[in-house]
Amino acid sequence: MMGHSHALTGVVGWMAVVPLVQGTEFLTLSFDLGPGEIIAGSLVCAGAALLPDLDHKSATITRTYGKVTEVLSDIFGWAFGGHRMGTHSFFFAALMGTLVTLLAMWSELAVQIFVFLLIGIALQGLGFGLDKNKAASGIINAMATGAITLALYSAELNYTWLGLAVAFGVILHFFGDMITKMGVPMFWPFWKKRIGQDKGFKTNGPVEQKVVTPLLTIGVVLFSVYLFDWSTLLPEY
Ligand SMILES: [Zn+2]
């Protein structure tokens, strides 16, 4: 799957889960998700859905923050056994989820920075990075990321679900790779066999371009209509 499809699955995935978990509580987590949490969660999940490909040199995420993400990519590639290995596993999803949960417990500032970085990755993945004009798209992306992060910051969101959203995004990524013609070693490091190989459609082939991406886009629109209370935007008579 291409970066933008992965990012879209993150948005759709989070929006699909919101009605299921809304109002529930689980251990220290409380899912009282308002519009801010829905938007933040969608973008966090979209960014996280690109995380596993940090093990690949030319992936969207690796190119997002220049040298910083390139060096991170080398480290991830080394630590997790190369492309489409450890970063495409439940182990990685659990690891990231745990680290982010600890981060959220440790410092509110760290959370804001992490969310900012992840939204930048999400927007890059969703296609704010217009390839034709790199400098302009970089500036647009940075401004949009800053604006969204500030808006979310001032909305004083409850981020107890942050780690879970990250783990969920990672899992959505490797399921996305599985429905395209790529197996993923989801039980790495215990069982390194790639599961799902040779089935599914081609990455960036006609099915992904003409069916999957448009369907995901429609999904975002439909869930947005369903989840948000748009009546508040209408003038009152
Ligand atoms: Zn992948």
# chains A, B, ... in the order shown; residues from 1 in each chain; ligands from 1
$ select_by_dssp --residues "chain A" --states "helix (DSSP H, G or I)" --output "MDAnalysis selection string"
chainID A and resid 3:21 35:48 51:55 60:64 67:79 86:88 90:106 108:128 134:154 162:179 206:227 230:233
$ residues_around --residues "Thr60 of chain A" --least-positions-apart "2" --cutoff "7 Å" --atoms "only C-alpha atoms" --output "ChimeraX atom specification"
/A:3,58,62-64,125
$ residues_near_ligand --ligand "ligand 1" --cutoff "8 Å" --atoms "only C-alpha atoms and all ligand atoms" --output "ChimeraX atom specification"
/A:1,50,52-53,83-84,88,173-174,176-177
$ write_last_selection --atoms "C-alpha atoms" --output "PDB file, in the first residue's frame"
ATOM      1  CA  MET A   1       0.000   0.000   0.000  1.00  0.00           C
ATOM      2  CA  LEU A  50       2.868   5.255   8.538  1.00  0.00           C
ATOM      3  CA  PRO A  52       6.054   0.792  10.303  1.00  0.00           C
ATOM      4  CA  ASP A  53       7.512   1.982   6.990  1.00  0.00           C
ATOM      5  CA  HIS A  83      12.238  -3.709   5.667  1.00  0.00           C
ATOM      6  CA  ARG A  84       8.872  -5.231   6.429  1.00  0.00           C
ATOM      7  CA  HIS A  88       5.220  -4.914  10.837  1.00  0.00           C
ATOM      8  CA  HIS A 173      -0.680  -0.545   8.578  1.00  0.00           C
ATOM      9  CA  PHE A 174       0.282  -4.158   8.460  1.00  0.00           C
ATOM     10  CA  GLY A 176      -3.070  -2.748   4.749  1.00  0.00           C
ATOM     11  CA  ASP A 177       0.153  -4.372   3.566  1.00  0.00           C
TER      12      ASP A 177
END
$ closest_residue --among "A:Gly82, A:Gly163, A:Ala49, A:Ser137" --to "Leu103 of chain A" --atoms "only C-alpha atoms"
A:Gly163
$ atom_distance --atom1 "atom CA of Thr28 of chain A" --atom2 "atom CA of Gly169 of chain A"
20.3 Å
